[in-house]
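Please read the structure below before turning to the comments.
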There are 2 protein chains.
Amino acid sequence: MQIGAAAKVTGVSAKMIRHYEAIGLVPSADRRESNYRDYGPSDVHRLGFIRRARDLGFSIEEIRDLLRLWGDRDRSSADVKRLTLAHIADLEQKIAALKDMRDTLSHLAGCCDGDHRPDCPIIKGLEGLAPLPATHHHHRAHDNLRHGS
Amino acid sequence: MQIGAAAKVTGVSAKMIRHYEAIGLVPSADRRESNYRDYGPSDVHRLGFIRRARDLGFSIEEIRDLLRLWGDRDRSSADVKRLTLAHIADLEQKIAALKDMRDTLSHLAGCCDGDHRPDCPIIKGLEGLAPLPATHHHHRAHDNLRHGS
DNA sequence: TGTTGACCTTGCCATCATGTCAAGGTTTAC
DNA sequence: GTAAACCTTGACATGATGGCAAGGTCAACA
């Protein structure tokens with residue numbers, strides 16, 4: 001199977017398959033005489049595993065650990081569970097931080113008439129005139145939560 | 001006020017203040033004879049505005065729009081509200097995607113004994129043997145949600 | 001006067017996961 | 001024999017931020 005076909009069946013782009021190989025997340029693929037990469041069923045299986053782990057928000061390094069455990073016949077399910085619970089805690093933190101933002105903004109938006117006049121509680125909130133009430137900063141959970149594009 | 005002091009009072013790092021200047025988010029700061037940047041109260045006010053907007057998850061480009069509206073005496077609060085509601089919708093989507101991940105993982109973790117034996121439903125779920133039940137992919141909301149470090 | 005230390009300057013590289021583009025090789029089908 | 005569809009590597013971009021390095025400026029102190 002060539003890389004394009006492997007990409008199609010696993011949902012991992014050809015670009016990322018090469019990338020995962022480059023960073024050692026997957027072993028170097030076999031090559032044909034043409035120098036094209038060649039993927040067998042077990043390679044495809046591994047890529048599917050990675051795909052699902054990514055979809056569940058695991059980072060590359062976490063997936064590296066998961067793959068190690070996957071291939072380890074003597075693993076304990078406790079190890080897998082520990083990793084998973086840590087990731088869940090991570091997700092909870094991000095969810096809480098995003099909820100804080102949403103709640104603060106919803107409150108401000110709820111106070112905003114949204115008409116043609118320039119007077120706007122949202123702007124005032126950002127200006128610092130209102131102290132952004134009920135934003136719980138104590139756990140500092142919204143590091144790493146700036147959103148992309 | 002030098003950049004370090006401005007950074008301290010606004011909570012925006014000196015590095016980022018220079019960056020915001022470089023990308024035109026804030027006007028070029030005045031310079032003293034020493035070539036050091038010099039910040040006045042209105043500059044500090046603007047940086048505080050930016051800081052709060054970042055804390056609420058607005059992207060740089062959204063903040064650019066907010067700053068334009070902030071400085072526009074003829075703005076309508078409706079414009080601000082529209083931008084804010086769009087951002088709230090963005091946050092909702094991310095929250096939902098993260099919750100999906102968390103719920104799926106919690107389910108798998110709940111099925112996992114977490115003992116010394118290698119048998120593990122989490123690994124099986126990632127392997128694709130179990131179909132990852134109740135993960136709603138229809139809105140494709142978890143693009144852009146891969147987590148950092 | 002000279003030195004030390006705290007501040008500032010610019011500029012480059014790194015992160016993380018992914019995409020895009022370019023220039024070129026291979027294979028297959030017409 | 002040529003066109004199309006694939007593959008190869010490599011470089012560069014994203015977004016928001018941090019870090020480091022090499023050097024300029026300034027204030028205080030011996």
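Each chain of the structure tokens is named A, B, ... in the order shown, its residues numbered from 1; ligands are numbered from 1 in display order.
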Using only C-alpha atoms, determine which residues of chain A fall within 8 Å of chain B; present them as an mmCIF file with N, CA and C atoms, in the first residue's frame.
```
data_model
loop_
_atom_site.group_PDB
_atom_site.id
_atom_site.type_symbol
_atom_site.label_atom_id
_atom_site.label_comp_id
_atom_site.auth_asym_id
_atom_site.auth_seq_id
_atom_site.Cartn_x
_atom_site.Cartn_y
_atom_site.Cartn_z
ATOM 1 N N HIS A 45 -2.799 -0.377 10.930
ATOM 2 C CA HIS A 45 -3.423 -0.533 12.239
ATOM 3 C C HIS A 45 -2.862 0.488 13.226
ATOM 4 N N ARG A 46 -1.535 0.630 13.203
ATOM 5 C CA ARG A 46 -0.879 1.569 14.102
ATOM 6 C C ARG A 46 -1.302 3.006 13.790
ATOM 7 N N GLY A 48 -4.065 3.947 12.482
ATOM 8 C CA GLY A 48 -5.445 4.125 12.946
ATOM 9 C C GLY A 48 -5.487 4.400 14.444
ATOM 10 N N PHE A 49 -4.650 3.688 15.157
ATOM 11 C CA PHE A 49 -4.543 3.904 16.609
ATOM 12 C C PHE A 49 -4.153 5.350 16.901
ATOM 13 N N ILE A 50 -3.145 5.791 16.187
ATOM 14 C CA ILE A 50 -2.675 7.172 16.389
ATOM 15 C C ILE A 50 -3.796 8.160 16.068
ATOM 16 N N ARG A 52 -7.004 7.803 16.216
ATOM 17 C CA ARG A 52 -8.034 7.857 17.243
ATOM 18 C C ARG A 52 -7.529 8.559 18.500
ATOM 19 N N ALA A 53 -6.273 8.313 18.822
ATOM 20 C CA ALA A 53 -5.715 8.978 20.005
ATOM 21 C C ALA A 53 -5.668 10.490 19.798
ATOM 22 N N ARG A 54 -5.299 10.916 18.591
ATOM 23 C CA ARG A 54 -5.274 12.350 18.300
ATOM 24 C C ARG A 54 -6.674 12.935 18.413
ATOM 25 N N ASP A 55 -7.642 12.202 17.895
ATOM 26 C CA ASP A 55 -9.021 12.684 17.957
ATOM 27 C C ASP A 55 -9.500 12.837 19.396
ATOM 28 N N LEU A 56 -8.888 12.085 20.283
ATOM 29 C CA LEU A 56 -9.268 12.206 21.688
ATOM 30 C C LEU A 56 -8.391 13.220 22.410
ATOM 31 N N GLY A 57 -7.576 13.935 21.665
ATOM 32 C CA GLY A 57 -6.839 15.053 22.233
ATOM 33 C C GLY A 57 -5.505 14.702 22.851
ATOM 34 N N PHE A 58 -5.059 13.452 22.719
ATOM 35 C CA PHE A 58 -3.738 13.122 23.243
ATOM 36 C C PHE A 58 -2.666 13.822 22.432
ATOM 37 N N SER A 59 -1.629 14.275 23.111
ATOM 38 C CA SER A 59 -0.508 14.892 22.407
ATOM 39 C C SER A 59 0.374 13.806 21.811
ATOM 40 N N TRP A 70 0.860 -0.124 24.243
ATOM 41 C CA TRP A 70 0.101 -0.978 23.327
ATOM 42 C C TRP A 70 0.932 -2.196 22.934
ATOM 43 N N ARG A 73 3.387 -6.455 25.944
ATOM 44 C CA ARG A 73 2.515 -7.544 26.394
ATOM 45 C C ARG A 73 2.392 -7.578 27.911
ATOM 46 N N ASP A 74 3.413 -7.072 28.594
ATOM 47 C CA ASP A 74 3.406 -7.130 30.057
ATOM 48 C C ASP A 74 2.889 -5.852 30.700
ATOM 49 N N ARG A 75 2.280 -4.988 29.892
ATOM 50 C CA ARG A 75 1.759 -3.750 30.476
ATOM 51 C C ARG A 75 0.692 -4.082 31.505
ATOM 52 N N SER A 76 0.472 -3.152 32.405
ATOM 53 C CA SER A 76 -0.684 -3.267 33.291
ATOM 54 C C SER A 76 -1.715 -2.252 32.812
ATOM 55 N N SER A 77 -2.957 -2.614 32.862
ATOM 56 C CA SER A 77 -3.987 -1.675 32.444
ATOM 57 C C SER A 77 -3.965 -0.440 33.344
ATOM 58 N N ALA A 78 -3.416 -0.592 34.531
ATOM 59 C CA ALA A 78 -3.315 0.563 35.433
ATOM 60 C C ALA A 78 -2.464 1.670 34.815
ATOM 61 N N ASP A 79 -1.416 1.287 34.094
ATOM 62 C CA ASP A 79 -0.559 2.297 33.450
ATOM 63 C C ASP A 79 -1.351 3.080 32.419
ATOM 64 N N VAL A 80 -2.113 2.356 31.621
ATOM 65 C CA VAL A 80 -2.922 3.010 30.598
ATOM 66 C C VAL A 80 -3.950 3.929 31.252
ATOM 67 N N LYS A 81 -4.547 3.402 32.296
ATOM 68 C CA LYS A 81 -5.587 4.180 32.969
ATOM 69 C C LYS A 81 -5.008 5.450 33.586
ATOM 70 N N ARG A 82 -3.829 5.338 34.143
ATOM 71 C CA ARG A 82 -3.202 6.500 34.774
ATOM 72 C C ARG A 82 -2.987 7.606 33.739
ATOM 73 N N THR A 84 -4.519 7.966 30.951
ATOM 74 C CA THR A 84 -5.813 8.455 30.493
ATOM 75 C C THR A 84 -6.433 9.424 31.492
ATOM 76 N N LEU A 85 -6.367 9.086 32.754
ATOM 77 C CA LEU A 85 -6.960 9.956 33.766
ATOM 78 C C LEU A 85 -6.235 11.286 33.820
ATOM 79 N N ILE A 88 -7.572 13.234 31.004
ATOM 80 C CA ILE A 88 -8.926 13.700 31.309
ATOM 81 C C ILE A 88 -8.856 14.934 32.209
ATOM 82 N N LEU A 91 -8.115 17.828 30.169
ATOM 83 C CA LEU A 91 -9.291 18.268 29.421
ATOM 84 C C LEU A 91 -10.241 19.047 30.328
ATOM 85 N N GLU A 92 -10.425 18.560 31.538
ATOM 86 C CA GLU A 92 -11.330 19.230 32.473
ATOM 87 C C GLU A 92 -10.864 20.652 32.734
ATOM 88 N N LYS A 94 -9.069 22.557 30.800
ATOM 89 C CA LYS A 94 -9.307 23.408 29.638
ATOM 90 C C LYS A 94 -10.779 23.753 29.512
ATOM 91 N N ILE A 95 -11.615 22.775 29.759
ATOM 92 C CA ILE A 95 -13.053 23.026 29.687
ATOM 93 C C ILE A 95 -13.430 24.104 30.698
ATOM 94 N N LEU A 98 -12.294 27.546 29.536
ATOM 95 C CA LEU A 98 -13.123 28.051 28.437
ATOM 96 C C LEU A 98 -14.502 28.448 28.946
ATOM 97 N N LYS A 99 -15.010 27.696 29.885
ATOM 98 C CA LYS A 99 -16.311 28.053 30.453
ATOM 99 C C LYS A 99 -16.241 29.382 31.183
ATOM 100 N N MET A 101 -14.320 31.845 30.504
ATOM 101 C CA MET A 101 -14.326 32.900 29.482
ATOM 102 C C MET A 101 -15.743 33.095 28.952
ATOM 103 N N ARG A 102 -16.365 31.999 28.608
ATOM 104 C CA ARG A 102 -17.703 32.088 28.033
ATOM 105 C C ARG A 102 -18.663 32.756 29.010
ATOM 106 N N THR A 104 -18.060 34.831 31.491
ATOM 107 C CA THR A 104 -17.785 36.264 31.621
ATOM 108 C C THR A 104 -18.315 37.021 30.406
ATOM 109 N N LEU A 105 -18.043 36.481 29.244
ATOM 110 C CA LEU A 105 -18.483 37.165 28.029
ATOM 111 C C LEU A 105 -20.001 37.149 27.901
ATOM 112 N N SER A 106 -20.612 36.065 28.278
ATOM 113 C CA SER A 106 -22.072 35.993 28.199
ATOM 114 C C SER A 106 -22.691 37.037 29.112
ATOM 115 N N ALA A 109 -22.196 40.366 27.453
ATOM 116 C CA ALA A 109 -23.065 40.486 26.275
ATOM 117 C C ALA A 109 -24.519 40.653 26.705
ATOM 118 N N CYS A 112 -25.345 44.143 27.329
ATOM 119 C CA CYS A 112 -25.125 45.065 26.199
ATOM 120 C C CYS A 112 -26.390 45.168 25.353
ATOM 121 N N ASP A 113 -26.833 46.374 25.155
ATOM 122 C CA ASP A 113 -28.073 46.590 24.401
ATOM 123 C C ASP A 113 -27.944 46.111 22.956
ATOM 124 N N GLY A 114 -26.740 46.280 22.393
ATOM 125 C CA GLY A 114 -26.550 45.856 21.008
ATOM 126 C C GLY A 114 -27.337 46.708 20.033
ATOM 127 N N ASP A 115 -27.344 47.996 20.278
ATOM 128 C CA ASP A 115 -28.081 48.884 19.372
ATOM 129 C C ASP A 115 -27.105 49.796 18.641
ATOM 130 N N HIS A 116 -27.609 50.887 18.108
ATOM 131 C CA HIS A 116 -26.772 51.766 17.290
ATOM 132 C C HIS A 116 -25.909 52.690 18.137
ATOM 133 N N ARG A 117 -26.170 52.760 19.433
ATOM 134 C CA ARG A 117 -25.412 53.695 20.268
ATOM 135 C C ARG A 117 -24.052 53.118 20.648
ATOM 136 N N PRO A 118 -23.098 53.975 20.905
ATOM 137 C CA PRO A 118 -21.732 53.500 21.190
ATOM 138 C C PRO A 118 -21.554 52.970 22.609
ATOM 139 N N ASP A 119 -22.464 53.265 23.490
ATOM 140 C CA ASP A 119 -22.303 52.864 24.888
ATOM 141 C C ASP A 119 -22.363 51.342 24.996
ATOM 142 N N CYS A 120 -21.299 50.747 25.571
ATOM 143 C CA CYS A 120 -21.217 49.280 25.508
ATOM 144 C C CYS A 120 -20.505 48.684 26.716
ATOM 145 N N ILE A 122 -19.524 45.748 27.175
ATOM 146 C CA ILE A 122 -18.454 44.813 26.813
ATOM 147 C C ILE A 122 -17.138 45.572 26.719
ATOM 148 N N ILE A 123 -17.179 46.665 25.984
ATOM 149 C CA ILE A 123 -15.986 47.501 25.864
ATOM 150 C C ILE A 123 -15.544 48.003 27.233
ATOM 151 N N LEU A 126 -13.701 45.309 29.038
ATOM 152 C CA LEU A 126 -12.338 45.127 28.539
ATOM 153 C C LEU A 126 -11.447 46.291 28.951
ATOM 154 N N GLU A 127 -12.052 47.449 29.034
ATOM 155 C CA GLU A 127 -11.289 48.631 29.431
ATOM 156 C C GLU A 127 -10.831 48.525 30.877
ATOM 157 N N GLY A 128 -11.502 47.731 31.645
ATOM 158 C CA GLY A 128 -11.113 47.582 33.034
ATOM 159 C C GLY A 128 -11.941 48.451 33.961
ATOM 160 N N HIS A 142 -6.218 28.807 32.622
ATOM 161 C CA HIS A 142 -6.240 29.151 31.208
ATOM 162 C C HIS A 142 -4.891 29.554 30.638
ATOM 163 N N ASN A 144 -2.123 28.225 28.181
ATOM 164 C CA ASN A 144 -2.201 27.271 27.071
ATOM 165 C C ASN A 144 -3.560 27.220 26.395
ATOM 166 N N LEU A 145 -4.385 28.231 26.599
ATOM 167 C CA LEU A 145 -5.701 28.130 25.998
ATOM 168 C C LEU A 145 -5.999 29.209 24.996
ATOM 169 N N ARG A 146 -5.000 29.926 24.608
ATOM 170 C CA ARG A 146 -5.216 30.916 23.561
ATOM 171 C C ARG A 146 -5.624 30.187 22.301
ATOM 172 N N HIS A 147 -6.586 30.703 21.598
ATOM 173 C CA HIS A 147 -7.132 29.922 20.488
ATOM 174 C C HIS A 147 -6.503 30.276 19.152
ATOM 175 N N GLY A 148 -6.433 29.332 18.308
ATOM 176 C CA GLY A 148 -5.742 29.488 17.034
ATOM 177 C C GLY A 148 -6.704 29.785 15.894
ATOM 178 N N SER A 149 -6.375 30.789 15.142
ATOM 179 C CA SER A 149 -7.108 31.237 13.955
ATOM 180 C C SER A 149 -8.607 31.311 14.127
#
```
**Request:** Excluding DA29 (chain C) and residues on its chain fewer than 2 positions from it, collect all residues at most 10 Å away from it, counting only C-alpha atoms (C1' of nucleotides), and give them as a ChimeraX atom specification.
**Result:** /C:27 /D:3-4
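The residues of chain A that DSSP classifies as strand (DSSP E), using the backbone of this structure, are A:Asp30, A:Arg31, A:Arg37, A:Asp38.
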Those same residues, written as an mmCIF file, in the first residue's frame with C-alpha atoms?
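File written: part_25.cif
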```
data_model
loop_
_atom_site.group_PDB
_atom_site.id
_atom_site.type_symbol
_atom_site.label_atom_id
_atom_site.label_comp_id
_atom_site.auth_asym_id
_atom_site.auth_seq_id
_atom_site.Cartn_x
_atom_site.Cartn_y
_atom_site.Cartn_z
ATOM 1 C CA ASP A 30 9.606 -0.210 4.047
ATOM 2 C CA ARG A 31 10.543 1.109 0.633
ATOM 3 C CA ARG A 37 6.988 3.928 1.091
ATOM 4 C CA ASP A 38 5.092 0.674 1.453
#
```
**Request:** Give the residues of chain A that lie within 10 Å of chain C; count only C-alpha atoms (C1' of nucleotides), and format the answer as a PyMOL selection string.
**Result:** chain A and resi 13+15-16+19+34-36+59-60
**Item:** Residues flagged helix (DSSP H, G or I) by DSSP in region 22-111 of chain A, as a count of residues only
**Value:** 62
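Using only C-alpha atoms (C1' of nucleotides), we find that the part of chain D lying within 9 Å of chain A comprises DC6, DC7, DT8, DT14, DG15 and DA16 of chain D.
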Any chance you could export the current selection's C-alpha atoms (C1' of nucleotides) as a PDB file, in the first residue's frame?
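Ended up saving to out-v8.pdb:
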```
ATOM      1  C1'  DC D   6       1.153   9.416  -7.719  1.00  0.00           C
ATOM      2  C1'  DC D   7       5.479   9.714  -4.919  1.00  0.00           C
ATOM      3  C1'  DT D   8      10.024  12.013  -2.961  1.00  0.00           C
ATOM      4  C1'  DT D  14       0.561  29.324  10.968  1.00  0.00           C
ATOM      5  C1'  DG D  15      -0.379  31.788  16.415  1.00  0.00           C
ATOM      6  C1'  DA D  16       1.049  33.255  20.666  1.00  0.00           C
TER       7       DA D  16
END
```
